[in-house]
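Beneath this line is the structure, given in structure tokens, with notes to follow.
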Amino acid sequence: MQTDSDFIEGFLGGNKFVLKKIYDNSFPSVKNFILSRSGSQKDAEDVFQNALLLLFVKLKKEKVKIQSFDNYLFIVCRNLWRREKAKNRVTNVDNITLISEDLDLAGFYVEENQWELYNEKFKQLSEQCKEIIKLVFKKVPYAEIVKQFDYASQTVARQRVFKCKKRLIQLIKNDQRYSRLKS
Amino acid sequence: MNLDDKQMNRLEKFLSGEMNELETKDFQNEINASDELQEFVEMYEQLDWIQNDEHWEFQNQGADKVKEVAQQFRESDSVAFAEKIGSFQQGYLESNSPEKNIEKTVGKNIGKNIEKTTEKTGTQKSSWIRYASGLSIAACLAFVVYFTQFMTVGLNEIYSDNSSWDDLPSMTTKSEAATGTLLTESMKVEKLFKENKFEATIDLCSAINKNAQKINPNVLLYQGVSQLELNRYEDALKTFTLLSESNTLDFHKGYWYQSLVYLKQGNKEKAIEALELVRSKKDNFMFEKAGSILKELK
């Protein structure tokens with residue numbers, strides 16, 4: 001989807017044609033993603049709505065430039081669902097949950113910004129660092145990593161992982177957004 | 001990063017599991033004493049949230065930051081947008097439901113379809129959208145309440161001014177890394193709280209209290225404040241009463257936090273009672289502050 005300023009204006013104004021385009025293009029893939037990860041149709045609807053609201057606030061507040069609205073929306077939905085799963089939260093509609101709902105979404109907003117920074121910096125690492133860190137994230141045994149990268153020993157592999165992660169932390173901390181996110 | 005090479009080398013050994021038990025213990029103490037080392041270790045261990053589908057972790061964000069963003073979600077244009085999306089989605093899903101398409105194709109009576117879609121209506125607004133609708137209603141109610149009971153607004157303001165939670169004690173002590181877990185249960189409480197995961201904070205505090213042989217006042221404070229954040233006033237009062245009636249050194253903190261519960265509830269009379277308990281002894285927690293609030297209230 002072309003993300004031009006008219007499209008964003010239309011989205012922010014709740015233009016029905018723009019909303020229909022967004023739903024036609026993105027809702028099926030978000031729904032499939034959530035259904036394939038033990039969510040329900042209702043979960044997909046909730047996540048999609050909350051993601052759109054988050055984008056509304058983000059575009060209004062931060063004036064961010066988005067390359068592809070569809071891709072961006074999908075990533076926000078995916079992360080919202082990851083977070084829901086991680087929290088193991090049960091969506092219920094009693095008053096207690098409703099009262100804290102805006103804080104919860106605001107919490108995700110801050111986390112999502114942090115995730116975007118981490119992910120952006122991760123992409124700036126060398127190809128080898130990215131590959132090795134991906135394997136560590138996937139909990140691939142070090143013995144396997146040694147074989148794959150032809151390292152002399154597991155100690156060497158661990159040292160390499162440390163250096164790559166250290167580099168990533170440096171990149172994140174050197175970005176001005178990091179201190180703003182924390183303050 | 002201001003960590004020197006020596007610290008980096010030790011971090012590398014520590015995080016790669018290459019230290020022996022004694023070295024680990026020593027370095028753990030060093031970590032406990034340094035915010036920068038702690039931050040590095042936390043970040044190091046949280047990095048896999050970038051890609052791990054099963055994991056969503058993040059560094060502590062300030063409660064103030066979250067409150068500031070929450071305000072954006074409460075603004076009238078956000079609430080209006082949320083309602084617009086809710087209605088749009090409802091219509092969109094109805095018009096795209098297989099049932100409706102079949103009805104259209106065969107040109108049968110759509111009455112049945114209306115019944116089906118009406119059943120769905122109640123479930124098609126996300127919890128936030130329902131919340132947003134609630135906000136609109138709440139705004140109307142607030143208008144009425146303001147004129148009939150305007151004092152509550154003043155109490156809420158006093159509550160807001162005094163509920164930054166910066167005075168909560170730090171739980172930062174680290175367990176031995178040899179156990180494989182860097183965070184102690186108490187630290188997890190603080191971490192969850194700072195991440196605004198109040199439900200999880202309450203659950204963890206309850207579990208700690210259940211297994212503890214004696215009352216831990218700090219855990220009770222985090223539990224009570226989390227209950228207060230979720231507006232579970234009765235639960236929060238029970239927790240703070242447990243603290244104020246305990247024989248711990250911090251028992252008097254219970255009075256202060258009870259007063260905050262009553263302030264948030266808008267119960268002026270009870271708030272004054274609790275604040276007067278704070279004022280009963282000069283050494284009590286928030287003695288001075290309680291005095292100024294009492295002046296405002298009386």
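Labels used: A, B, ... for chains in the order of the structure tokens, numbers from 1 for residues in each chain, and numbers from 1 for ligands as shown.
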
Dump as JSON lines the rows for residues of chain A within 6 Å of chain B: closest atom pair and distance in Å with one decimal, only C-alpha atoms counted, ordered by chain and rising residue number.
```
{"residue": "A:Asp46", "atom": "CA", "partner": "B:Ser126", "partner_atom": "CA", "distance": 4.2}
{"residue": "A:Arg83", "atom": "CA", "partner": "B:Trp56", "partner_atom": "CA", "distance": 5.4}
{"residue": "A:Ala86", "atom": "CA", "partner": "B:Trp56", "partner_atom": "CA", "distance": 5.9}
{"residue": "A:Leu98", "atom": "CA", "partner": "B:Tyr131", "partner_atom": "CA", "distance": 5.4}
{"residue": "A:Glu101", "atom": "CA", "partner": "B:Trp128", "partner_atom": "CA", "distance": 5.9}
{"residue": "A:Asp102", "atom": "CA", "partner": "B:Ala70", "partner_atom": "CA", "distance": 5.6}
{"residue": "A:Leu103", "atom": "CA", "partner": "B:Ala70", "partner_atom": "CA", "distance": 5.3}
{"residue": "A:Ala106", "atom": "CA", "partner": "B:Ala70", "partner_atom": "CA", "distance": 4.9}
{"residue": "A:Gly107", "atom": "CA", "partner": "B:Val66", "partner_atom": "CA", "distance": 5.5}
{"residue": "A:Asn119", "atom": "CA", "partner": "B:Ile50", "partner_atom": "CA", "distance": 5.9}
{"residue": "A:Phe137", "atom": "CA", "partner": "B:Asp48", "partner_atom": "CA", "distance": 5.2}
{"residue": "A:Arg158", "atom": "CA", "partner": "B:Ser16", "partner_atom": "CA", "distance": 5.9}
{"residue": "A:Lys182", "atom": "CA", "partner": "B:Gln61", "partner_atom": "CA", "distance": 5.6}
```

>> When you look at A:Leu35 with a cut-off of 8 Å (counting only C-alpha atoms), what residues show up, excluding the ones that are within fewer than 5 positions of it in the same chain? I need them as a list of chain:residue names.
In response: A:Ser40, A:Gln41, A:Ala44

>> Would you pick out the contacts of B:Glu269 at 12 Å or less, using only C-alpha atoms, so that residues sharing its chain but fewer than 5 positions from it are not included, and give the list as a ChimeraX atom specification?
In response: /B:151-152,155,259,262-263,274-276,294,297-298

Write the residues of the preceding selection, restricted to C-alpha atoms, as a PDB file, in the first residue's frame.
```pdb
ATOM      1  CA  MET B 151     -14.970  18.167  46.711  1.00  0.00           C
ATOM      2  CA  THR B 152     -14.022  14.814  45.179  1.00  0.00           C
ATOM      3  CA  LEU B 155      -9.284  14.977  46.764  1.00  0.00           C
ATOM      4  CA  SER B 259      -4.928   7.800  53.429  1.00  0.00           C
ATOM      5  CA  TYR B 262      -9.306   7.133  50.784  1.00  0.00           C
ATOM      6  CA  LEU B 263      -8.163  10.186  48.845  1.00  0.00           C
ATOM      7  CA  ALA B 274      -5.848   8.061  58.330  1.00  0.00           C
ATOM      8  CA  LEU B 275      -3.825  11.267  57.994  1.00  0.00           C
ATOM      9  CA  GLU B 276      -4.354  11.999  61.662  1.00  0.00           C
ATOM     10  CA  LEU B 294      -4.803  17.998  56.542  1.00  0.00           C
ATOM     11  CA  LEU B 297      -8.729  19.312  53.718  1.00  0.00           C
ATOM     12  CA  LYS B 298      -9.965  21.093  56.826  1.00  0.00           C
TER      13      LYS B 298
END
```

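Interatomic distance, atom CA of B:Leu220 to atom CA of B:Ala33: 25.2 Å.
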
>> Based on the backbone DSSP call, show me all residues of chain A assigned helix (DSSP H, G or I), as a ChimeraX atom specification.
In response: /A:5-12,16-35,41-62,69-87,95-99,101-123,127-137,142-149,154-174,176-182

> Near A:Gln124, within 10 Å and counting only C-alpha atoms, which residues show up once chain neighbours fewer than 6 positions away are dropped, as a PyMOL selection string?
Replying inline: chain A and resi 130+167-168+171

Dump N, CA and C atoms for the selected residues as a CSV table (one decimal), in the first residue's frame?
```csv
chain,number,residue,atom,x,y,z
A,130,LYS,N,24.5,-10.8,13.2
A,130,LYS,CA,23.1,-11.1,13.2
A,130,LYS,C,22.8,-12.6,13.2
A,167,ARG,N,28.1,-5.0,21.2
A,167,ARG,CA,28.0,-4.0,20.1
A,167,ARG,C,26.6,-3.5,19.9
A,168,LEU,N,25.7,-4.4,20.0
A,168,LEU,CA,24.2,-4.1,19.9
A,168,LEU,C,23.8,-3.1,21.0
A,171,LEU,N,25.2,0.3,20.4
A,171,LEU,CA,24.4,1.0,19.3
A,171,LEU,C,23.1,1.5,19.9
```

>> Residues within 10 Å of B:Ile31, please, as number ranges by chain. Count only C-alpha atoms; anything in the same chain fewer than 3 positions from it doesn't count.
In response: B: 7, 11, 25-28, 34-41, 173-174
